[in-house]
$ cat start28.cif   # mmCIF, C-alpha atoms
data_input
#
loop_
_atom_site.group_PDB
_atom_site.id
_atom_site.type_symbol
_atom_site.label_atom_id
_atom_site.label_comp_id
_atom_site.auth_asym_id
_atom_site.auth_seq_id
_atom_site.Cartn_x
_atom_site.Cartn_y
_atom_site.Cartn_z
ATOM 1 C CA MET A 1 -26.167 127.828 -7.551
ATOM 2 C CA SER A 2 -22.868 127.546 -5.789
ATOM 3 C CA LYS A 3 -21.921 130.927 -4.290
ATOM 4 C CA LYS A 4 -18.288 130.013 -3.821
ATOM 5 C CA ARG A 5 -15.713 129.546 -6.529
ATOM 6 C CA VAL A 6 -15.646 125.801 -6.013
ATOM 7 C CA TYR A 7 -13.563 123.554 -8.224
ATOM 8 C CA TYR A 8 -12.904 119.830 -8.490
ATOM 9 C CA LEU A 9 -9.961 117.782 -9.687
ATOM 10 C CA VAL A 10 -11.134 114.892 -11.837
ATOM 11 C CA ASP A 11 -9.276 111.964 -13.390
ATOM 12 C CA VAL A 12 -10.765 110.753 -16.702
ATOM 13 C CA PHE A 13 -10.019 107.558 -18.641
ATOM 14 C CA GLY A 14 -8.145 106.099 -15.689
ATOM 15 C CA GLU A 15 -9.032 102.760 -14.121
ATOM 16 C CA ARG A 16 -7.752 104.136 -10.808
ATOM 17 C CA LYS A 17 -6.696 107.538 -9.439
ATOM 18 C CA TYR A 18 -3.783 109.388 -11.020
ATOM 19 C CA THR A 19 -3.510 107.166 -14.081
ATOM 20 C CA GLY A 20 -5.744 108.895 -16.625
ATOM 21 C CA ASN A 21 -5.916 112.518 -17.720
ATOM 22 C CA GLN A 22 -6.613 115.037 -14.972
ATOM 23 C CA LEU A 23 -8.485 118.299 -15.271
ATOM 24 C CA ALA A 24 -9.960 120.978 -13.036
ATOM 25 C CA VAL A 25 -13.700 121.679 -13.259
ATOM 26 C CA PHE A 26 -14.933 125.043 -11.918
ATOM 27 C CA ARG A 27 -18.473 125.826 -10.833
ATOM 28 C CA ASN A 28 -19.999 129.305 -11.032
ATOM 29 C CA GLY A 29 -18.080 129.968 -14.254
ATOM 30 C CA SER A 30 -20.098 133.087 -15.076
ATOM 31 C CA SER A 31 -18.342 134.858 -12.171
ATOM 32 C CA TYR A 32 -15.037 134.762 -14.081
ATOM 33 C CA SER A 33 -13.960 136.999 -16.933
ATOM 34 C CA ASP A 34 -12.453 135.451 -20.053
ATOM 35 C CA ALA A 35 -9.042 136.677 -18.940
ATOM 36 C CA GLU A 36 -9.473 135.096 -15.496
ATOM 37 C CA MET A 37 -10.468 131.739 -16.982
ATOM 38 C CA GLN A 38 -7.457 131.782 -19.255
ATOM 39 C CA GLN A 39 -5.148 132.746 -16.398
ATOM 40 C CA ILE A 40 -6.520 129.997 -14.138
ATOM 41 C CA ALA A 41 -6.028 127.391 -16.881
ATOM 42 C CA ARG A 42 -2.451 128.624 -17.284
ATOM 43 C CA GLU A 43 -1.757 128.488 -13.539
ATOM 44 C CA ILE A 44 -3.258 125.027 -13.083
ATOM 45 C CA ASN A 45 -1.446 123.846 -16.220
ATOM 46 C CA PHE A 46 -3.482 120.721 -16.899
ATOM 47 C CA SER A 47 -4.064 119.989 -20.572
ATOM 48 C CA GLU A 48 -7.565 121.477 -20.101
ATOM 49 C CA THR A 49 -9.602 123.280 -17.440
ATOM 50 C CA THR A 50 -13.380 123.699 -17.705
ATOM 51 C CA PHE A 51 -15.886 126.216 -16.383
ATOM 52 C CA ILE A 52 -19.570 125.376 -15.851
ATOM 53 C CA MET A 53 -21.282 128.601 -16.913
ATOM 54 C CA SER A 54 -24.759 127.685 -15.638
ATOM 55 C CA GLU A 55 -25.904 125.059 -13.145
ATOM 56 C CA THR A 56 -29.303 124.774 -14.808
ATOM 57 C CA ASP A 57 -30.159 123.362 -18.210
ATOM 58 C CA VAL A 58 -30.041 125.999 -20.980
ATOM 59 C CA ASP A 59 -31.575 125.027 -24.339
ATOM 60 C CA GLY A 60 -31.241 121.334 -23.590
ATOM 61 C CA GLY A 61 -27.728 121.347 -22.150
ATOM 62 C CA PHE A 62 -25.330 122.789 -19.588
ATOM 63 C CA PRO A 63 -23.131 125.563 -21.034
ATOM 64 C CA VAL A 64 -19.444 124.816 -20.496
ATOM 65 C CA ARG A 65 -16.233 126.465 -21.659
ATOM 66 C CA ILE A 66 -12.910 124.676 -22.083
ATOM 67 C CA PHE A 67 -9.466 126.284 -21.799
ATOM 68 C CA THR A 68 -5.966 124.927 -22.327
ATOM 69 C CA PRO A 69 -3.011 126.820 -20.817
ATOM 70 C CA ALA A 70 -2.681 128.545 -24.197
ATOM 71 C CA SER A 71 -6.223 129.182 -25.497
ATOM 72 C CA GLU A 72 -9.929 128.369 -25.385
ATOM 73 C CA MET A 73 -10.971 125.165 -27.170
ATOM 74 C CA PRO A 74 -14.238 124.468 -29.004
ATOM 75 C CA PHE A 75 -14.214 120.815 -27.935
ATOM 76 C CA ALA A 76 -12.088 118.272 -26.086
ATOM 77 C CA GLY A 77 -12.967 114.756 -25.017
ATOM 78 C CA HIS A 78 -11.835 114.131 -21.454
ATOM 79 C CA PRO A 79 -12.994 117.600 -20.277
ATOM 80 C CA THR A 80 -16.446 116.844 -21.701
ATOM 81 C CA LEU A 81 -16.745 113.555 -19.817
ATOM 82 C CA GLY A 82 -15.125 114.890 -16.641
ATOM 83 C CA THR A 83 -17.403 117.929 -16.528
ATOM 84 C CA ALA A 84 -20.503 115.812 -17.188
ATOM 85 C CA PHE A 85 -19.421 113.599 -14.281
ATOM 86 C CA ILE A 86 -19.235 116.632 -11.944
ATOM 87 C CA ILE A 87 -22.576 118.023 -13.132
ATOM 88 C CA GLN A 88 -24.285 114.704 -12.392
ATOM 89 C CA SER A 89 -22.540 113.882 -9.115
ATOM 90 C CA GLU A 90 -22.186 117.350 -7.550
ATOM 91 C CA ILE A 91 -24.977 119.471 -9.045
ATOM 92 C CA ILE A 92 -27.871 117.287 -10.223
ATOM 93 C CA LYS A 93 -27.213 114.567 -7.624
ATOM 94 C CA LYS A 94 -29.795 112.284 -9.205
ATOM 95 C CA LYS A 95 -29.373 109.108 -11.211
ATOM 96 C CA ILE A 96 -30.028 110.175 -14.791
ATOM 97 C CA PRO A 97 -29.152 108.209 -17.943
ATOM 98 C CA THR A 98 -27.918 111.132 -20.018
ATOM 99 C CA LEU A 99 -27.138 114.837 -20.023
ATOM 100 C CA ALA A 100 -25.773 117.250 -22.599
ATOM 101 C CA LEU A 101 -23.042 119.885 -22.574
ATOM 102 C CA ASN A 102 -23.372 122.993 -24.714
ATOM 103 C CA LEU A 103 -19.839 123.604 -25.988
ATOM 104 C CA LYS A 104 -18.564 126.070 -28.552
ATOM 105 C CA ILE A 105 -18.677 123.310 -31.165
ATOM 106 C CA GLY A 106 -22.297 122.494 -30.302
ATOM 107 C CA LYS A 107 -24.312 120.182 -28.088
ATOM 108 C CA ILE A 108 -22.528 116.977 -26.977
ATOM 109 C CA PRO A 109 -24.696 114.347 -25.232
ATOM 110 C CA VAL A 110 -23.120 112.152 -22.553
ATOM 111 C CA ASP A 111 -24.584 108.786 -21.477
ATOM 112 C CA ILE A 112 -23.898 107.645 -17.913
ATOM 113 C CA GLU A 113 -23.741 104.053 -16.628
ATOM 114 C CA TYR A 114 -23.862 103.454 -12.880
ATOM 115 C CA GLU A 115 -22.222 101.013 -10.482
ATOM 116 C CA ASN A 116 -23.795 100.762 -6.988
ATOM 117 C CA GLY A 117 -25.618 104.029 -7.641
ATOM 118 C CA SER A 118 -22.482 105.983 -8.574
ATOM 119 C CA PRO A 119 -21.426 107.072 -12.077
ATOM 120 C CA ASP A 120 -19.167 104.443 -13.584
ATOM 121 C CA ARG A 121 -18.584 104.630 -17.329
ATOM 122 C CA LEU A 122 -19.442 107.778 -19.267
ATOM 123 C CA THR A 123 -19.849 107.785 -23.043
ATOM 124 C CA MET A 124 -20.156 110.747 -25.396
ATOM 125 C CA LYS A 125 -21.446 110.781 -28.927
ATOM 126 C CA GLN A 126 -19.199 112.895 -31.112
ATOM 127 C CA ILE A 127 -20.090 114.786 -34.245
ATOM 128 C CA GLU A 128 -19.522 113.062 -37.569
ATOM 129 C CA PRO A 129 -15.824 113.017 -38.504
ATOM 130 C CA SER A 130 -14.430 115.063 -41.370
ATOM 131 C CA PHE A 131 -11.353 114.075 -43.337
ATOM 132 C CA GLY A 132 -8.715 116.420 -44.692
ATOM 133 C CA LYS A 133 -5.180 116.629 -45.990
ATOM 134 C CA LYS A 134 -3.069 113.522 -46.570
ATOM 135 C CA PHE A 135 0.702 113.377 -46.208
ATOM 136 C CA ALA A 136 3.494 111.260 -47.589
ATOM 137 C CA ALA A 137 5.545 109.237 -45.115
ATOM 138 C CA GLU A 138 8.549 111.331 -46.153
ATOM 139 C CA GLU A 139 6.877 114.406 -44.634
ATOM 140 C CA LEU A 140 6.401 112.896 -41.164
ATOM 141 C CA PHE A 141 9.094 110.406 -40.234
ATOM 142 C CA GLU A 142 11.710 113.014 -39.288
ATOM 143 C CA VAL A 143 9.109 115.040 -37.362
ATOM 144 C CA LEU A 144 8.572 111.925 -35.231
ATOM 145 C CA GLY A 145 12.261 111.093 -34.916
ATOM 146 C CA LEU A 146 11.664 107.721 -36.591
ATOM 147 C CA ASN A 147 12.847 105.784 -39.604
ATOM 148 C CA ILE A 148 10.607 105.924 -42.635
ATOM 149 C CA SER A 149 10.285 102.135 -42.420
ATOM 150 C CA ASP A 150 8.476 102.530 -39.062
ATOM 151 C CA ILE A 151 5.428 104.018 -40.824
ATOM 152 C CA ASP A 152 2.771 101.598 -42.057
ATOM 153 C CA THR A 153 2.240 102.856 -45.612
ATOM 154 C CA ARG A 154 -0.683 100.473 -46.232
ATOM 155 C CA PHE A 155 -2.829 103.163 -44.628
ATOM 156 C CA PRO A 156 -2.861 106.950 -45.120
ATOM 157 C CA ILE A 157 -1.334 109.648 -42.955
ATOM 158 C CA GLU A 158 -4.393 111.832 -42.764
ATOM 159 C CA VAL A 159 -6.060 114.747 -40.965
ATOM 160 C CA VAL A 160 -9.306 113.758 -39.227
ATOM 161 C CA SER A 161 -11.537 115.914 -37.040
ATOM 162 C CA THR A 162 -14.562 115.508 -34.787
ATOM 163 C CA GLY A 163 -14.210 119.114 -33.667
ATOM 164 C CA MET A 164 -10.444 119.346 -33.304
ATOM 165 C CA PRO A 165 -8.329 118.272 -36.292
ATOM 166 C CA ASP A 166 -5.378 115.944 -35.717
ATOM 167 C CA ILE A 167 -2.813 114.290 -37.973
ATOM 168 C CA PHE A 168 -3.080 110.483 -37.745
ATOM 169 C CA VAL A 169 0.056 108.449 -38.418
ATOM 170 C CA PRO A 170 -0.092 104.620 -38.599
ATOM 171 C CA LEU A 171 3.011 102.908 -37.220
ATOM 172 C CA LYS A 172 3.912 99.240 -37.463
ATOM 173 C CA THR A 173 4.966 98.312 -33.941
ATOM 174 C CA LEU A 174 4.792 99.191 -30.270
ATOM 175 C CA GLU A 175 8.555 99.499 -30.348
ATOM 176 C CA ALA A 176 8.237 102.287 -32.929
ATOM 177 C CA ILE A 177 5.577 103.991 -30.780
ATOM 178 C CA ARG A 178 7.976 103.990 -27.833
ATOM 179 C CA ARG A 179 10.780 105.561 -29.904
ATOM 180 C CA VAL A 180 8.794 108.618 -31.017
ATOM 181 C CA ARG A 181 10.601 111.844 -30.118
ATOM 182 C CA ILE A 182 9.131 114.997 -31.632
ATOM 183 C CA ASN A 183 11.599 117.210 -33.498
ATOM 184 C CA LEU A 184 10.123 120.570 -32.544
ATOM 185 C CA ASP A 185 11.676 122.557 -35.395
ATOM 186 C CA LYS A 186 10.290 120.147 -37.973
ATOM 187 C CA TYR A 187 6.969 119.898 -36.097
ATOM 188 C CA TYR A 188 6.378 123.655 -36.134
ATOM 189 C CA SER A 189 7.428 123.832 -39.763
ATOM 190 C CA LEU A 190 4.910 121.103 -40.617
ATOM 191 C CA ILE A 191 1.914 122.660 -38.832
ATOM 192 C CA GLU A 192 2.657 126.289 -39.700
ATOM 193 C CA ASN A 193 -0.107 126.563 -42.309
ATOM 194 C CA LEU A 194 -2.348 123.746 -41.070
ATOM 195 C CA ASP A 195 -5.482 123.796 -38.926
ATOM 196 C CA ALA A 196 -4.344 120.471 -37.469
ATOM 197 C CA LYS A 197 -1.741 121.098 -34.758
ATOM 198 C CA ALA A 198 -1.607 117.733 -32.946
ATOM 199 C CA ILE A 199 0.000 114.493 -34.135
ATOM 200 C CA PHE A 200 -1.583 111.162 -33.184
ATOM 201 C CA VAL A 201 0.443 107.977 -33.707
ATOM 202 C CA PHE A 202 -0.896 104.463 -33.269
ATOM 203 C CA ALA A 203 0.027 100.809 -33.661
ATOM 204 C CA PRO A 204 -1.902 97.519 -33.339
ATOM 205 C CA GLU A 205 0.475 96.215 -30.662
ATOM 206 C CA THR A 206 -0.248 96.837 -26.987
ATOM 207 C CA TYR A 207 1.086 96.504 -23.469
ATOM 208 C CA ASP A 208 -2.176 94.837 -22.387
ATOM 209 C CA LYS A 209 -3.392 91.965 -24.573
ATOM 210 C CA ASN A 210 -7.011 92.944 -23.787
ATOM 211 C CA ASN A 211 -6.556 96.180 -25.747
ATOM 212 C CA GLN A 212 -6.481 96.612 -29.518
ATOM 213 C CA PHE A 213 -4.292 99.706 -30.014
ATOM 214 C CA ASN A 214 -1.577 101.695 -28.296
ATOM 215 C CA VAL A 215 -1.645 105.402 -29.142
ATOM 216 C CA ARG A 216 0.245 108.594 -28.331
ATOM 217 C CA MET A 217 -0.693 112.210 -29.060
ATOM 218 C CA PHE A 218 1.651 115.202 -29.198
ATOM 219 C CA ALA A 219 0.378 118.795 -29.113
ATOM 220 C CA ASP A 220 3.215 121.178 -28.251
ATOM 221 C CA TYR A 221 1.365 123.970 -30.038
ATOM 222 C CA PHE A 222 -1.304 123.857 -27.286
ATOM 223 C CA GLY A 223 1.267 123.631 -24.498
ATOM 224 C CA VAL A 224 0.820 119.851 -24.172
ATOM 225 C CA PRO A 225 4.003 118.007 -25.193
ATOM 226 C CA GLU A 226 2.197 114.670 -24.762
ATOM 227 C CA ASP A 227 -1.426 114.085 -23.783
ATOM 228 C CA PRO A 228 -1.938 110.976 -21.616
ATOM 229 C CA ALA A 229 -5.567 110.523 -22.742
ATOM 230 C CA THR A 230 -7.649 112.380 -25.282
ATOM 231 C CA GLY A 231 -11.278 111.651 -26.084
ATOM 232 C CA SER A 232 -11.682 114.001 -29.032
ATOM 233 C CA ALA A 233 -8.656 112.608 -30.869
ATOM 234 C CA ASN A 234 -9.622 109.021 -30.117
ATOM 235 C CA GLY A 235 -13.085 109.699 -31.490
ATOM 236 C CA ALA A 236 -11.501 110.942 -34.690
ATOM 237 C CA PHE A 237 -9.258 107.852 -34.563
ATOM 238 C CA ALA A 238 -12.379 105.650 -34.549
ATOM 239 C CA GLY A 239 -13.558 107.509 -37.640
ATOM 240 C CA TYR A 240 -10.178 106.974 -39.283
ATOM 241 C CA LEU A 241 -10.289 103.210 -38.605
ATOM 242 C CA VAL A 242 -13.760 102.820 -40.096
ATOM 243 C CA LYS A 243 -13.214 105.088 -43.092
ATOM 244 C CA ASN A 244 -9.977 103.326 -44.034
ATOM 245 C CA GLN A 245 -11.279 99.826 -43.173
ATOM 246 C CA TYR A 246 -8.248 99.321 -40.916
ATOM 247 C CA LEU A 247 -9.975 96.451 -39.116
ATOM 248 C CA GLY A 248 -11.862 95.344 -42.231
ATOM 249 C CA SER A 249 -15.241 96.405 -40.898
ATOM 250 C CA ASP A 250 -17.747 99.266 -40.843
ATOM 251 C CA ASN A 251 -18.387 98.505 -37.165
ATOM 252 C CA ILE A 252 -15.777 98.622 -34.398
ATOM 253 C CA ASP A 253 -15.940 98.166 -30.632
ATOM 254 C CA ILE A 254 -12.419 98.432 -29.221
ATOM 255 C CA ARG A 255 -10.258 99.309 -26.221
ATOM 256 C CA VAL A 256 -7.420 101.794 -26.706
ATOM 257 C CA GLU A 257 -4.519 102.337 -24.298
ATOM 258 C CA GLN A 258 -2.752 105.683 -24.039
ATOM 259 C CA GLY A 259 -0.353 107.365 -21.625
ATOM 260 C CA ASN A 260 1.801 104.349 -20.770
ATOM 261 C CA GLU A 261 4.926 106.053 -22.058
ATOM 262 C CA VAL A 262 4.458 109.014 -19.688
ATOM 263 C CA GLY A 263 3.580 106.884 -16.672
ATOM 264 C CA ARG A 264 -0.167 107.636 -16.748
ATOM 265 C CA PRO A 265 -1.803 104.600 -18.358
ATOM 266 C CA SER A 266 -5.292 105.375 -19.634
ATOM 267 C CA LEU A 267 -8.040 103.269 -21.162
ATOM 268 C CA LEU A 268 -10.625 104.468 -23.674
ATOM 269 C CA TYR A 269 -13.567 102.560 -25.129
ATOM 270 C CA LEU A 270 -14.364 103.357 -28.771
ATOM 271 C CA LYS A 271 -17.393 102.397 -30.821
ATOM 272 C CA ALA A 272 -18.051 103.434 -34.395
ATOM 273 C CA SER A 273 -20.348 102.315 -37.169
ATOM 274 C CA LYS A 274 -20.933 103.370 -40.755
ATOM 275 C CA ALA A 275 -24.360 103.391 -42.369
ATOM 276 C CA ASN A 276 -25.717 105.310 -45.363
ATOM 277 C CA GLY A 277 -22.343 106.956 -45.842
ATOM 278 C CA LYS A 278 -22.238 108.422 -42.316
ATOM 279 C CA ILE A 279 -20.001 107.406 -39.422
ATOM 280 C CA GLU A 280 -21.380 107.482 -35.870
ATOM 281 C CA ILE A 281 -18.806 107.592 -33.076
ATOM 282 C CA LYS A 282 -18.965 107.065 -29.325
ATOM 283 C CA VAL A 283 -16.084 107.446 -26.864
ATOM 284 C CA GLY A 284 -16.275 106.159 -23.315
ATOM 285 C CA GLY A 285 -14.272 105.863 -20.132
ATOM 286 C CA ARG A 286 -14.321 106.237 -16.386
ATOM 287 C CA ALA A 287 -14.129 109.406 -14.289
ATOM 288 C CA ILE A 288 -12.974 109.691 -10.674
ATOM 289 C CA LYS A 289 -13.122 112.729 -8.394
ATOM 290 C CA ILE A 290 -9.716 113.269 -6.796
ATOM 291 C CA ALA A 291 -10.251 116.425 -4.733
ATOM 292 C CA GLU A 292 -12.222 119.633 -4.366
ATOM 293 C CA GLY A 293 -11.453 123.094 -3.120
ATOM 294 C CA GLU A 294 -12.244 126.797 -3.299
ATOM 295 C CA TRP A 295 -10.382 129.186 -5.609
ATOM 296 C CA LEU A 296 -9.457 132.267 -3.614
#

$ encode --input "start28.cif" --output "structure tokens"
Amino acid sequence: MSKKRVYYLVDVFGERKYTGNQLAVFRNGSSYSDAEMQQIAREINFSETTFIMSETDVDGGFPVRIFTPASEMPFAGHPTLGTAFIIQSEIIKKKIPTLALNLKIGKIPVDIEYENGSPDRLTMKQIEPSFGKKFAAEELFEVLGLNISDIDTRFPIEVVSTGMPDIFVPLKTLEAIRRVRINLDKYYSLIENLDAKAIFVFAPETYDKNNQFNVRMFADYFGVPEDPATGSANGAFAGYLVKNQYLGSDNIDIRVEQGNEVGRPSLLYLKASKANGKIEIKVGGRAIKIAEGEWL
């Protein structure tokens, strides 16, 4: 086990450095108190920071804890993939096809594809999505700073969760996506009595013609005004698309762009299929180590 308080900066869902969603991954997490982990996450101020609690497999997975600047999280997508990347490349140091992380929400397996012997694309299987409250367009358009006509009312505004609930809002155009400006007073009024605290907007128009959707996610409640890439929410998004037959199919295999509007373009690969009333979801992307250091 690492004796030092070593940490790594990792970029997830980016096709090159400093384009995806960055996080810090700490080894030797058991040497930190809960208060220290929370304080470190606040000082680093990424959307999430993770702590590897054991560098050996425990009950079929590596125990990991995830913190935002505001609180501990039961699950989040890019921290799961980024931490799995560090466990494989810096701790195991062997070419393995899969490993699992034991998170507060449960065990999340991560598959790893390799390019020239190095981890390339990582894919996680998420838990089955659950579907919650629906909203009228009248309840959301002012929260988003949009016109009600910008919302695509052919499909529901709906809460979906694969561990973290989010409110999914279908918009008609990329132009509408770009105009979103969260009205914080109306946002906090909306989420006051909801488990879902983040708002995820999407449209089937993209900057890159190779992609199928452009998305944005806003989570001021968690100290993240806009997240440049989010695996957990995109997994729930895949569940939303299948459940509501948005693409007219029970099987999807798509590319989703996020973060363009904040200058950090990300790319996520989503697969989902429905069989026997259950939806299986996989979220994939690349991870790149940016730097490493020792926390003093």

$ atom_distance --input "start28.cif" --atom1 "CA of Leu184 in chain A" --atom2 "CA of Met37 in chain A"
28.1 Å

$ residues_around --input "start28.cif" --residues "range 26-33 of chain A" --least-positions-apart "6" --cutoff "7 Å" --atoms "only C-alpha atoms" --output "PyMOL selection string"
chain A and resi 2+5-8+50-54

$ closest_residue --input "start28.cif" --among "A:Ser266, A:Ser232, A:Asn260, A:Asn183" --to "Phe141 in chain A" --atoms "only C-alpha atoms"
A:Asn183

$ residues_around --input "start28.cif" --residues "Ile281 in chain A" --least-positions-apart "5" --cutoff "6 Å" --atoms "only C-alpha atoms" --output "PyMOL selection string"
chain A and resi 125-126+271-272

$ residues_around --input "start28.cif" --residues "Phe62 in chain A" --least-positions-apart "5" --cutoff "9 Å" --atoms "all atoms listed in the file" --output "CSV table (one decimal) with C-alpha atoms, in the frame of the given file"
chain,number,residue,atom,x,y,z
A,52,ILE,CA,-19.6,125.4,-15.9
A,53,MET,CA,-21.3,128.6,-16.9
A,54,SER,CA,-24.8,127.7,-15.6
A,55,GLU,CA,-25.9,125.1,-13.1
A,56,THR,CA,-29.3,124.8,-14.8
A,57,ASP,CA,-30.2,123.4,-18.2
A,84,ALA,CA,-20.5,115.8,-17.2
A,87,ILE,CA,-22.6,118.0,-13.1
A,99,LEU,CA,-27.1,114.8,-20.0
A,100,ALA,CA,-25.8,117.2,-22.6
A,101,LEU,CA,-23.0,119.9,-22.6
A,102,ASN,CA,-23.4,123.0,-24.7
A,103,LEU,CA,-19.8,123.6,-26.0
A,107,LYS,CA,-24.3,120.2,-28.1

$ residues_around --input "start28.cif" --residues "range 168-176 of chain A" --least-positions-apart "6" --cutoff "6 Å" --atoms "only C-alpha atoms" --output "ChimeraX atom specification"
/A:150-152,157-158,200-203,205

$ resolve_selection --input "start28.cif" --expression "the PyMOL selection byres ((chain A and resi 219-223) around 10)" --output "list in words"
Arg42, Asn45, Phe46, Ser47, Glu48, Thr68, Pro69, Ala70, Ser71, Glu72, Met73, Asp166, Ile182, Leu184, Tyr187, Tyr188, Ile191, Ala196, Lys197, Ala198, Ile199, Phe200, Met217, Phe218, Val224, Pro225, Glu226 and Asp227 of chain A

$ axis_aligned_box --input "start28.cif" --around "range 10-19 of chain A" --padding-each-side "8 Å" --output "JSON"
{"center_x": -7.3, "center_y": 108.8, "center_z": -14.0, "size_x": 23.6, "size_y": 28.1, "size_z": 25.2}

$ resolve_selection --input "start28.cif" --expression "the PyMOL selection byres ((chain A and resi 74) around 6)" --output "ChimeraX atom specification"
/A:73,75,104-105

$ residues_near_point --input "start28.cif" --point "(-22.8, 104.2, -10.1)" --cutoff "12 Å" --atoms "all atoms listed in the file" --output "ChimeraX atom specification"
/A:85,88-89,93-97,112-122,286-288

$ resolve_selection --input "start28.cif" --expression "the PyMOL selection byres ((chain A and resi 11) around 8)" --output "number ranges by chain"
A: 9-10, 12-14, 17-23, 82, 287-290

$ closest_residue --input "start28.cif" --among "A:Gly259, A:Pro129, A:Gly293, A:Pro63" --to "Arg178 in chain A" --atoms "only C-alpha atoms"
A:Gly259

$ atom_distance --input "start28.cif" --atom1 "CA of Leu144 in chain A" --atom2 "CA of Val215 in chain A"
13.6 Å

$ atom_distance --input "start28.cif" --atom1 "CA of Phe131 in chain A" --atom2 "CA of Glu192 in chain A"
18.9 Å

$ closest_residue --input "start28.cif" --among "A:Ile177, A:Ile92, A:Ile40, A:Ala136" --to "Trp295 in chain A" --atoms "only C-alpha atoms"
A:Ile40

$ closest_residue --input "start28.cif" --among "A:Asp253, A:Glu261, A:Asp34, A:Glu43" --to "Ile66 in chain A" --atoms "all atoms listed in the file"
A:Asp34

$ residues_around --input "start28.cif" --residues "Asp250 in chain A" --least-positions-apart "3" --cutoff "8 Å" --atoms "all atoms listed in the file" --output "PyMOL selection string"
chain A and resi 242-243+245+272-275

$ build_atoms --input "start28.cif" --residues "range 191-206 of chain A" --atoms "N, CA and C atoms" --output "mmCIF file, in the frame of the given file"
data_model
loop_
_atom_site.group_PDB
_atom_site.id
_atom_site.type_symbol
_atom_site.label_atom_id
_atom_site.label_comp_id
_atom_site.auth_asym_id
_atom_site.auth_seq_id
_atom_site.Cartn_x
_atom_site.Cartn_y
_atom_site.Cartn_z
ATOM 1 N N ILE A 191 3.258 122.202 -39.170
ATOM 2 C CA ILE A 191 1.914 122.660 -38.832
ATOM 3 C C ILE A 191 1.698 124.142 -39.108
ATOM 4 N N GLU A 192 2.724 124.836 -39.575
ATOM 5 C CA GLU A 192 2.657 126.289 -39.700
ATOM 6 C C GLU A 192 1.405 126.768 -40.425
ATOM 7 N N ASN A 193 1.045 126.121 -41.512
ATOM 8 C CA ASN A 193 -0.107 126.563 -42.309
ATOM 9 C C ASN A 193 -1.256 125.559 -42.275
ATOM 10 N N LEU A 194 -1.300 124.748 -41.211
ATOM 11 C CA LEU A 194 -2.348 123.746 -41.070
ATOM 12 C C LEU A 194 -3.286 124.089 -39.920
ATOM 13 N N ASP A 195 -4.562 123.708 -40.058
ATOM 14 C CA ASP A 195 -5.482 123.796 -38.926
ATOM 15 C C ASP A 195 -5.150 122.720 -37.900
ATOM 16 N N ALA A 196 -4.713 121.568 -38.368
ATOM 17 C CA ALA A 196 -4.344 120.471 -37.469
ATOM 18 C C ALA A 196 -3.002 120.768 -36.820
ATOM 19 N N LYS A 197 -2.971 120.777 -35.493
ATOM 20 C CA LYS A 197 -1.741 121.098 -34.758
ATOM 21 C C LYS A 197 -1.215 119.930 -33.937
ATOM 22 N N ALA A 198 -2.015 118.885 -33.758
ATOM 23 C CA ALA A 198 -1.607 117.733 -32.946
ATOM 24 C C ALA A 198 -1.310 116.539 -33.845
ATOM 25 N N ILE A 199 -0.370 115.699 -33.403
ATOM 26 C CA ILE A 199 0.000 114.493 -34.135
ATOM 27 C C ILE A 199 -0.336 113.280 -33.284
ATOM 28 N N PHE A 200 -1.088 112.355 -33.863
ATOM 29 C CA PHE A 200 -1.583 111.162 -33.184
ATOM 30 C C PHE A 200 -0.972 109.946 -33.870
ATOM 31 N N VAL A 201 -0.171 109.183 -33.141
ATOM 32 C CA VAL A 201 0.443 107.977 -33.707
ATOM 33 C C VAL A 201 -0.193 106.756 -33.055
ATOM 34 N N PHE A 202 -0.260 105.665 -33.800
ATOM 35 C CA PHE A 202 -0.896 104.463 -33.269
ATOM 36 C C PHE A 202 -0.293 103.211 -33.894
ATOM 37 N N ALA A 203 -0.431 102.111 -33.169
ATOM 38 C CA ALA A 203 0.027 100.809 -33.661
ATOM 39 C C ALA A 203 -0.862 99.722 -33.074
ATOM 40 N N PRO A 204 -1.043 98.612 -33.812
ATOM 41 C CA PRO A 204 -1.902 97.519 -33.339
ATOM 42 C C PRO A 204 -1.156 96.525 -32.458
ATOM 43 N N GLU A 205 -0.191 97.004 -31.689
ATOM 44 C CA GLU A 205 0.475 96.215 -30.662
ATOM 45 C C GLU A 205 0.308 96.951 -29.340
ATOM 46 N N THR A 206 0.125 96.207 -28.250
ATOM 47 C CA THR A 206 -0.248 96.837 -26.987
ATOM 48 C C THR A 206 0.515 96.245 -25.814
#
